[in-house]
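What follows is the content of start16.txt, which has compact mmCIF, C-alpha atoms and all ligand atoms:
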# COMPACT_ATOMS: atom_id res chain seq x y z
CA MET A 1 101.65 77.23 77.23
CA VAL A 2 102.29 75.53 73.89
CA ARG A 3 105.52 76.64 72.24
CA VAL A 4 105.52 76.66 68.46
CA GLU A 5 109.07 75.34 68.52
CA SER A 6 107.90 72.22 70.39
CA LEU A 7 105.01 71.72 68.00
CA ALA A 8 107.28 72.06 64.99
CA SER A 9 109.89 69.67 66.35
CA SER A 10 107.27 67.01 67.10
CA GLY A 11 107.26 66.38 63.35
CA LEU A 12 103.62 66.90 62.47
CA ASP A 13 102.54 67.04 58.81
CA ALA A 14 99.52 69.25 59.41
CA ILE A 15 99.39 72.27 61.70
CA PRO A 16 96.79 72.42 64.52
CA SER A 17 93.60 74.25 63.57
CA GLU A 18 94.34 77.28 65.82
CA TYR A 19 97.21 78.12 63.48
CA VAL A 20 95.18 77.81 60.27
CA ARG A 21 94.33 81.34 59.21
CA PRO A 22 90.81 82.15 58.04
CA GLU A 23 90.17 81.79 54.31
CA CYS A 24 90.04 85.53 53.60
CA GLU A 25 93.46 86.05 55.15
CA ARG A 26 95.06 83.18 53.26
CA ASP A 27 95.01 85.06 50.02
CA HIS A 28 98.55 85.15 48.70
CA LEU A 29 100.00 83.35 51.68
CA GLY A 30 102.73 80.92 50.72
CA ASP A 31 106.17 79.57 51.44
CA ALA A 32 108.40 82.58 52.13
CA LEU A 33 111.30 81.10 50.16
CA GLU A 34 109.15 80.83 47.04
CA GLU A 35 107.38 84.15 47.51
CA VAL A 36 110.64 86.10 47.78
CA LYS A 37 111.80 84.67 44.43
CA LYS A 38 108.53 85.55 42.72
CA ALA A 39 108.85 89.09 44.07
CA GLU A 40 112.28 89.71 42.49
CA LYS A 41 110.67 91.20 39.41
CA GLY A 42 108.14 93.45 41.16
CA PRO A 43 108.45 96.76 43.04
CA GLN A 44 111.15 96.82 45.75
CA ILE A 45 111.43 98.40 49.17
CA PRO A 46 113.77 101.42 48.73
CA ILE A 47 117.41 101.06 49.75
CA ILE A 48 118.86 104.19 51.36
CA ASP A 49 122.58 104.81 51.82
CA LEU A 50 122.97 106.91 54.98
CA LYS A 51 126.55 107.86 54.13
CA GLY A 52 125.23 110.91 52.33
CA PHE A 53 123.85 112.32 55.57
CA ASP A 54 127.12 111.93 57.50
CA GLU A 55 129.23 114.03 55.17
CA GLU A 56 130.31 117.51 56.31
CA SER A 57 128.29 120.53 55.27
CA SER A 58 130.76 120.98 52.39
CA ASP A 59 128.63 118.40 50.64
CA ASP A 60 125.17 119.77 51.17
CA ILE A 61 123.90 118.23 47.97
CA LYS A 62 124.51 114.68 49.18
CA ARG A 63 122.86 115.48 52.49
CA ILE A 64 119.79 116.92 50.82
CA LYS A 65 119.57 113.95 48.47
CA CYS A 66 119.70 111.57 51.40
CA ILE A 67 116.98 113.47 53.27
CA GLU A 68 114.85 113.52 50.13
CA SER A 69 115.15 109.77 49.53
CA VAL A 70 114.31 108.93 53.16
CA LYS A 71 111.32 111.26 52.93
CA ILE A 72 110.02 109.64 49.76
CA ALA A 73 110.51 106.13 51.16
CA ALA A 74 108.72 107.03 54.41
CA LYS A 75 105.84 108.64 52.51
CA GLU A 76 105.32 106.10 49.77
CA TRP A 77 106.35 102.87 51.46
CA GLY A 78 106.67 103.50 55.18
CA VAL A 79 109.63 101.15 55.10
CA MET A 80 113.22 101.14 53.80
CA HIS A 81 116.49 99.23 53.96
CA ILE A 82 119.25 101.44 55.34
CA THR A 83 122.94 100.82 54.57
CA ASN A 84 126.03 102.51 56.01
CA HIS A 85 124.04 102.95 59.20
CA GLY A 86 127.14 102.99 61.39
CA ILE A 87 126.75 99.66 63.21
CA SER A 88 129.55 97.26 62.37
CA GLN A 89 128.76 93.93 60.74
CA GLU A 90 130.81 92.33 63.48
CA LEU A 91 128.47 93.61 66.19
CA ILE A 92 125.41 92.61 64.17
CA GLU A 93 126.83 89.10 63.83
CA LYS A 94 127.27 88.97 67.60
CA VAL A 95 123.66 90.06 68.15
CA ARG A 96 122.57 87.28 65.80
CA ALA A 97 124.76 84.76 67.60
CA VAL A 98 123.54 85.53 71.13
CA GLY A 99 119.90 85.66 70.03
CA LYS A 100 120.17 82.31 68.26
CA GLY A 101 122.13 81.04 71.24
CA PHE A 102 119.21 81.74 73.53
CA PHE A 103 116.72 79.89 71.34
CA ASP A 104 119.17 76.98 71.00
CA LEU A 105 118.97 76.43 74.79
CA PRO A 106 116.91 73.45 75.97
CA MET A 107 113.21 74.26 76.39
CA GLU A 108 113.34 73.90 80.21
CA MET A 109 115.94 76.64 80.36
CA LYS A 110 113.99 78.97 78.10
CA GLU A 111 110.85 78.36 80.17
CA GLN A 112 112.64 79.83 83.18
CA TYR A 113 112.32 83.15 81.35
CA ALA A 114 108.65 82.71 80.46
CA ASN A 115 106.60 85.90 80.57
CA ASP A 116 103.21 86.03 82.29
CA GLN A 117 100.88 88.11 80.17
CA SER A 118 97.90 87.63 82.48
CA GLU A 119 99.97 89.18 85.31
CA GLY A 120 101.13 92.03 83.07
CA LYS A 121 104.67 90.67 82.93
CA ILE A 122 105.23 91.17 79.24
CA GLN A 123 109.02 90.86 79.22
CA GLY A 124 110.61 87.48 78.66
CA TYR A 125 110.06 84.35 76.60
CA GLY A 126 106.59 84.09 75.11
CA SER A 127 104.16 82.91 72.47
CA LYS A 128 101.09 84.73 71.30
CA LEU A 129 97.80 84.37 73.13
CA ALA A 130 94.74 84.64 70.91
CA ASN A 131 93.74 88.27 71.39
CA ASN A 132 91.64 88.80 68.32
CA SER A 133 88.09 87.70 67.74
CA CYS A 134 89.09 85.06 65.20
CA GLY A 135 91.17 83.42 67.95
CA LYS A 136 94.02 82.45 65.67
CA LEU A 137 97.62 81.93 66.66
CA GLU A 138 100.91 82.81 65.01
CA TRP A 139 103.70 80.46 64.03
CA GLU A 140 106.40 81.92 66.27
CA ASP A 141 107.83 82.18 69.77
CA TYR A 142 109.66 85.30 70.90
CA PHE A 143 111.78 86.97 73.53
CA PHE A 144 110.81 90.52 74.47
CA HIS A 145 112.61 93.03 76.67
CA LEU A 146 113.47 96.70 77.09
CA ILE A 147 117.05 97.50 76.05
CA PHE A 148 117.29 101.33 76.37
CA PRO A 149 117.58 103.66 78.31
CA SER A 150 119.69 101.73 80.80
CA ASP A 151 118.08 103.25 83.92
CA LYS A 152 114.70 101.82 82.90
CA VAL A 153 116.00 98.38 81.94
CA ASP A 154 115.14 95.41 84.16
CA MET A 155 118.24 93.23 83.94
CA SER A 156 116.59 90.43 85.93
CA VAL A 157 114.56 89.39 82.87
CA TRP A 158 117.52 89.28 80.45
CA PRO A 159 118.93 85.90 79.41
CA LYS A 160 121.95 84.88 81.50
CA GLN A 161 122.87 82.47 78.75
CA PRO A 162 124.57 82.64 76.34
CA SER A 163 127.05 84.30 78.68
CA GLU A 164 127.84 87.15 76.24
CA TYR A 165 124.16 87.98 75.73
CA ILE A 166 124.03 90.95 78.12
CA GLU A 167 127.24 92.60 77.04
CA VAL A 168 126.48 92.26 73.32
CA MET A 169 122.89 93.46 73.64
CA GLN A 170 123.89 96.48 75.76
CA GLU A 171 126.46 97.53 73.20
CA PHE A 172 123.96 97.04 70.38
CA ALA A 173 121.38 99.14 72.22
CA ARG A 174 123.88 101.99 72.68
CA GLN A 175 124.91 101.94 69.04
CA LEU A 176 121.39 101.57 67.70
CA ARG A 177 120.31 104.55 69.82
CA VAL A 178 122.69 106.68 67.76
CA VAL A 179 121.09 105.43 64.54
CA VAL A 180 117.64 106.20 65.97
CA SER A 181 118.66 109.84 66.53
CA LYS A 182 120.09 110.04 63.04
CA MET A 183 116.95 108.65 61.41
CA LEU A 184 114.68 110.91 63.46
CA ALA A 185 116.83 113.92 62.48
CA ILE A 186 116.61 113.04 58.79
CA LEU A 187 112.87 112.49 59.08
CA SER A 188 112.43 115.85 60.88
CA LEU A 189 114.29 117.63 58.09
CA GLY A 190 112.19 115.70 55.58
CA LEU A 191 109.09 117.20 57.14
CA GLY A 192 110.55 120.64 56.43
CA LEU A 193 111.21 121.38 60.13
CA LYS A 194 114.11 123.72 60.92
CA ASP A 195 115.01 121.88 64.12
CA GLU A 196 116.36 118.41 63.32
CA GLY A 197 115.84 117.37 66.95
CA LYS A 198 112.14 118.19 66.87
CA VAL A 199 110.64 114.72 66.29
CA GLU A 200 112.99 113.06 68.77
CA THR A 201 112.16 115.61 71.49
CA GLU A 202 108.49 115.17 70.79
CA LEU A 203 108.88 111.41 71.40
CA GLY A 204 110.60 111.80 74.76
CA GLY A 205 114.25 112.34 73.77
CA MET A 206 117.24 110.50 75.19
CA GLU A 207 115.61 110.01 78.59
CA ASP A 208 112.17 108.76 77.73
CA LEU A 209 112.19 107.27 74.24
CA LEU A 210 112.21 103.50 74.81
CA LEU A 211 113.88 100.81 72.74
CA GLN A 212 112.16 97.44 73.07
CA MET A 213 113.76 94.31 71.61
CA LYS A 214 111.59 91.49 70.28
CA ILE A 215 113.47 88.48 68.99
CA ASN A 216 111.06 86.53 66.80
CA TYR A 217 111.74 82.82 66.37
CA TYR A 218 109.81 81.25 63.48
CA PRO A 219 110.22 77.46 63.34
CA LYS A 220 109.91 75.54 60.07
CA CYS A 221 106.27 75.13 59.18
CA PRO A 222 104.84 72.12 57.31
CA GLN A 223 102.00 74.19 55.82
CA PRO A 224 103.29 77.71 55.18
CA ASP A 225 100.36 78.53 52.91
CA LEU A 226 97.94 78.16 55.86
CA ALA A 227 99.88 79.91 58.65
CA VAL A 228 101.53 83.25 59.32
CA GLY A 229 104.56 83.97 61.48
CA VAL A 230 103.20 87.41 62.38
CA GLU A 231 99.77 88.47 61.20
CA ALA A 232 99.27 91.66 59.22
CA HIS A 233 99.70 94.72 61.46
CA THR A 234 101.23 98.14 61.72
CA ASP A 235 103.74 98.74 64.51
CA VAL A 236 102.61 101.11 67.27
CA SER A 237 106.17 102.45 67.60
CA ALA A 238 107.60 105.62 66.05
CA LEU A 239 110.21 103.61 64.17
CA SER A 240 111.09 99.89 64.20
CA PHE A 241 114.49 98.50 63.21
CA ILE A 242 114.71 94.94 61.95
CA LEU A 243 117.57 92.52 61.57
CA HIS A 244 117.14 88.89 60.51
CA ASN A 245 119.17 85.73 59.96
CA ASN A 246 119.11 86.06 56.15
CA VAL A 247 116.01 83.92 55.79
CA PRO A 248 113.20 85.74 53.96
CA GLY A 249 109.73 86.16 55.45
CA LEU A 250 108.86 89.84 55.84
CA GLN A 251 106.19 91.21 53.52
CA VAL A 252 104.93 94.78 53.32
CA PHE A 253 101.71 96.03 51.82
CA TYR A 254 102.37 98.39 48.94
CA ASP A 255 100.09 99.53 46.16
CA ASP A 256 97.39 97.07 47.26
CA LYS A 257 99.71 94.09 47.08
CA TRP A 258 101.98 92.13 49.40
CA VAL A 259 105.64 92.70 48.52
CA SER A 260 108.33 90.37 49.92
CA ALA A 261 111.39 92.10 51.35
CA GLN A 262 114.50 90.94 49.50
CA LEU A 263 117.71 90.17 51.39
CA VAL A 264 119.91 93.28 51.22
CA PRO A 265 123.43 92.63 52.55
CA ASP A 266 124.54 94.69 55.55
CA SER A 267 121.26 96.56 55.77
CA ILE A 268 118.81 97.20 58.57
CA ILE A 269 115.11 97.41 57.73
CA VAL A 270 113.34 100.47 59.16
CA HIS A 271 109.57 100.68 59.52
CA VAL A 272 107.57 103.82 60.12
CA GLY A 273 105.12 103.05 62.93
CA ASP A 274 101.89 104.60 64.15
CA ALA A 275 103.49 107.17 66.50
CA LEU A 276 105.48 108.77 63.67
CA GLU A 277 102.52 108.64 61.34
CA ILE A 278 100.56 110.64 63.91
CA LEU A 279 103.34 113.22 64.55
CA SER A 280 103.82 113.71 60.81
CA ASN A 281 100.05 114.13 60.39
CA GLY A 282 99.96 111.18 58.03
CA MET A 283 102.75 112.37 55.76
CA TYR A 284 104.85 109.37 56.79
CA LYS A 285 102.98 106.09 56.52
CA SER A 286 102.81 103.42 59.19
CA VAL A 287 103.46 100.39 57.03
CA LEU A 288 101.19 97.36 57.10
CA HIS A 289 103.34 94.24 57.20
CA ARG A 290 103.33 90.54 58.08
CA GLY A 291 105.75 87.63 58.43
CA LEU A 292 105.54 84.49 56.30
CA VAL A 293 107.00 81.16 57.30
CA ASN A 294 108.59 78.39 55.26
CA LYS A 295 109.12 74.64 55.23
CA GLU A 296 112.89 74.47 55.19
CA LYS A 297 114.55 77.03 57.40
CA VAL A 298 114.12 78.49 60.85
CA ARG A 299 113.82 82.26 60.58
CA ILE A 300 114.88 84.60 63.37
CA SER A 301 114.33 88.34 63.32
CA TRP A 302 115.33 91.05 65.79
CA ALA A 303 112.82 93.88 65.87
CA VAL A 304 113.60 96.96 67.95
CA PHE A 305 110.59 99.19 68.57
CA CYS A 306 111.31 102.85 69.38
CA GLU A 307 108.40 103.99 71.47
CA PRO A 308 107.37 107.12 73.33
CA PRO A 309 106.63 106.76 77.08
CA LYS A 310 103.14 105.43 77.86
CA ASP A 311 101.56 108.40 79.64
CA LYS A 312 104.04 111.25 79.82
CA ILE A 313 103.56 112.60 76.30
CA LEU A 314 100.57 113.50 74.21
CA LEU A 315 100.97 112.21 70.66
CA ARG A 316 99.52 114.62 68.14
CA PRO A 317 100.33 116.05 64.72
CA LEU A 318 103.13 118.61 65.00
CA GLN A 319 101.73 122.15 65.11
CA GLU A 320 104.27 123.28 62.49
CA LEU A 321 102.71 121.00 59.90
CA LEU A 322 99.14 122.17 60.27
CA THR A 323 97.48 124.73 58.04
CA ASN A 324 93.91 125.53 57.03
CA GLU A 325 94.35 123.30 54.00
CA LYS A 326 96.02 120.58 56.06
CA PRO A 327 94.19 120.24 59.36
CA ALA A 328 95.08 117.56 61.93
CA LYS A 329 94.11 114.05 60.80
CA PHE A 330 94.58 112.47 64.22
CA THR A 331 93.15 113.34 67.62
CA PRO A 332 95.64 113.81 70.48
CA ARG A 333 96.26 110.69 72.56
CA THR A 334 98.82 109.26 74.92
CA PHE A 335 100.70 106.19 73.72
CA ALA A 336 98.78 104.12 76.28
CA GLN A 337 95.48 105.38 74.86
CA HIS A 338 96.64 104.57 71.36
CA LEU A 339 97.47 100.99 72.39
CA GLN A 340 94.12 100.67 74.09
CA ARG A 341 92.20 101.85 71.05
CA LYS A 342 94.05 99.52 68.75
CA LEU A 343 93.45 96.54 71.01
CA PHE A 344 89.77 97.44 71.30
CA LYS A 345 89.37 97.57 67.54
CA LYS A 346 91.04 94.21 67.18
CA THR A 347 88.96 92.39 69.77
CA THR A 348 85.65 93.89 68.70
CA GLU A 349 85.90 93.89 64.94
CA ASP A 350 87.77 91.05 63.32
CA PHE A 351 91.33 90.25 62.39
CA THR A 352 91.29 92.83 59.61
CA PRO A 353 94.26 95.05 60.29
CA GLU A 354 93.74 98.69 61.15
CA MET A 355 94.78 100.94 58.29
O1 LIG B 1 109.97 89.20 61.47
C1 LIG B 1 109.84 90.26 60.87
O2 LIG B 1 110.55 90.53 59.88
C2 LIG B 1 108.82 91.27 61.30
C3 LIG B 1 108.39 91.11 62.73
C4 LIG B 1 107.36 92.13 63.11
O3 LIG B 1 106.69 92.71 62.29
C5 LIG B 1 107.15 92.48 64.52
O4 LIG B 1 107.73 91.81 65.40
O5 LIG B 1 106.40 93.45 64.77
FE FE B 2 105.85 94.56 63.11

Would you encode the structure as structure tokens?
Ligand SMILES: O=C(O)CCC(=O)C(=O)O
Ligand SMILES: [Fe+2]
Amino acid sequence: MVRVESLASSGLDAIPSEYVRPECERDHLGDALEEVKKAEKGPQIPIIDLKGFDEESSDDIKRIKCIESVKIAAKEWGVMHITNHGISQELIEKVRAVGKGFFDLPMEMKEQYANDQSEGKIQGYGSKLANNSCGKLEWEDYFFHLIFPSDKVDMSVWPKQPSEYIEVMQEFARQLRVVVSKMLAILSLGLGLKDEGKVETELGGMEDLLLQMKINYYPKCPQPDLAVGVEAHTDVSALSFILHNNVPGLQVFYDDKWVSAQLVPDSIIVHVGDALEILSNGMYKSVLHRGLVNKEKVRISWAVFCEPPKDKILLRPLQELLTNEKPAKFTPRTFAQHLQRKLFKKTTEDFTPEM
């Protein structure tokens, strides 16, 4: 298995052809550091201060305003930066340090954690296999593992180095789980539901909703206008939470254009994924996004996907949202079936992302 990190550190001037994206996909690709500057003047991903939601009922107005802004962001963009989310900057710094620490290990040590996708072992250290008909690869390596709930976690696949990795990641998972509940409550209220726990319950609740961590490692790339770190896609999750090492790269598709995410201090990026789009009957939008690379800086991002269990739950638009004028836009499916359909579309059609 070729690791992108090894390729990048071998000092090549031109990237191998498997990483060169097809012409039609190269439109508006570029160096992430330049693209983010150009995007300063354009439309921006909404920034939502969650403090308004925490206040006691004495301040209903702030609460309602917060719910309303999350609702608008989830409808119009499908993505937002959240601030005052409740996770300390200190803990976030630790998560960044242990994640970087893993990728800083010598390659032989990282390879001991290699996943085996052909055997169905998807957790561990990996690089993308060409799974689309255009056969192209992405400019990144990653580490993927389940982090919550603890009784479903397989500790044997977690990095044993850096030595604080496990402790830090467990604490982060616990604290992020609280933020997940908060966001799902706000989004339930935004749908006009009386029960703020409705969406979370529908996704499996505390016992069955899974948090999967994917640490993306994007090495420097000599030809960032020809490659992508992550190709355009929507996440299959209900919500995804993203941290990064303050190097730009994320772009979202908005109003028929790619918009670069700016660096917002102390924020976490939240994506609406397919599962929430389905439950909300399309009111909340699963955002199309991709990751650009750059020539100068290694980028690392930490994406946590909040997913329903594979087979236990049938994903379908919430009954409360359906009327004669607004019938269901999605057919019922398990999460496993949804994954299967998406994969099928990708391998049979072309790389064009599903909308
Ligand atoms: O690196 C990023 O900012 C986004 C990564 C991503 O979209 C993913 O892992 O699904
Ligand atoms: Fe994604």

Practice problem: Within 10 Å of ligand LIG 1 (chain B), which residues show up when you count all atoms listed in the file? List them as a PyMOL selection string, please. | Solution: chain A and resi 140+142+144+213-218+229-237+240-245+247-252+261+269+271+273+287-293+299-305

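One finds CA of Asp208 (chain A) at 23.7 Å from CA of Asn115 (chain A).
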
Calculated over all atoms listed in the file, which of the candidates A:Asp104, A:Ser286, A:Glu171, A:Asn84 has the smallest distance to ligand FE 2 (chain B)?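 Under the stated criterion, the closest residue is A:Ser286.
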
field: Proximity to Leu187 (chain A) - best of A:Tyr284, A:Met109, A:Glu202, A:Lys94, all atoms listed in the file
entry: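 Using all atoms listed in the file, the shortest distance to Leu187 (chain A) belongs to A:Tyr284.
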
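Minimum atom-to-atom distances from A:Leu189, A:Val168, A:Val79, A:Leu315 to ligand FE 2 (chain B) were compared using only C-alpha atoms and all ligand atoms, and the lowest value belongs to A:Val79.
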
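Going from CA of Ile82 (chain A) over to CA of Ala238 (chain A), you cover 16.4 Å.
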
Separating CA of Arg3 (chain A) from CA of Leu146 (chain A), to the nearest tenth of an Å, is a gap of 22.1 Å

Point to revise | Nearest residue to Val70 (chain A) from the set A:Met183, A:Ala32, A:Glu307, A:Glu25 (distances using all atoms listed in the file) | key: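 Looking at the shortest contact to Val70 (chain A), the residue is A:Met183.
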
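Among the candidates A:Pro159, A:Pro219, A:Gly86, A:Gly204, the residue lying nearest to Gln175 (chain A) is A:Gly86 (atoms considered: only C-alpha atoms).
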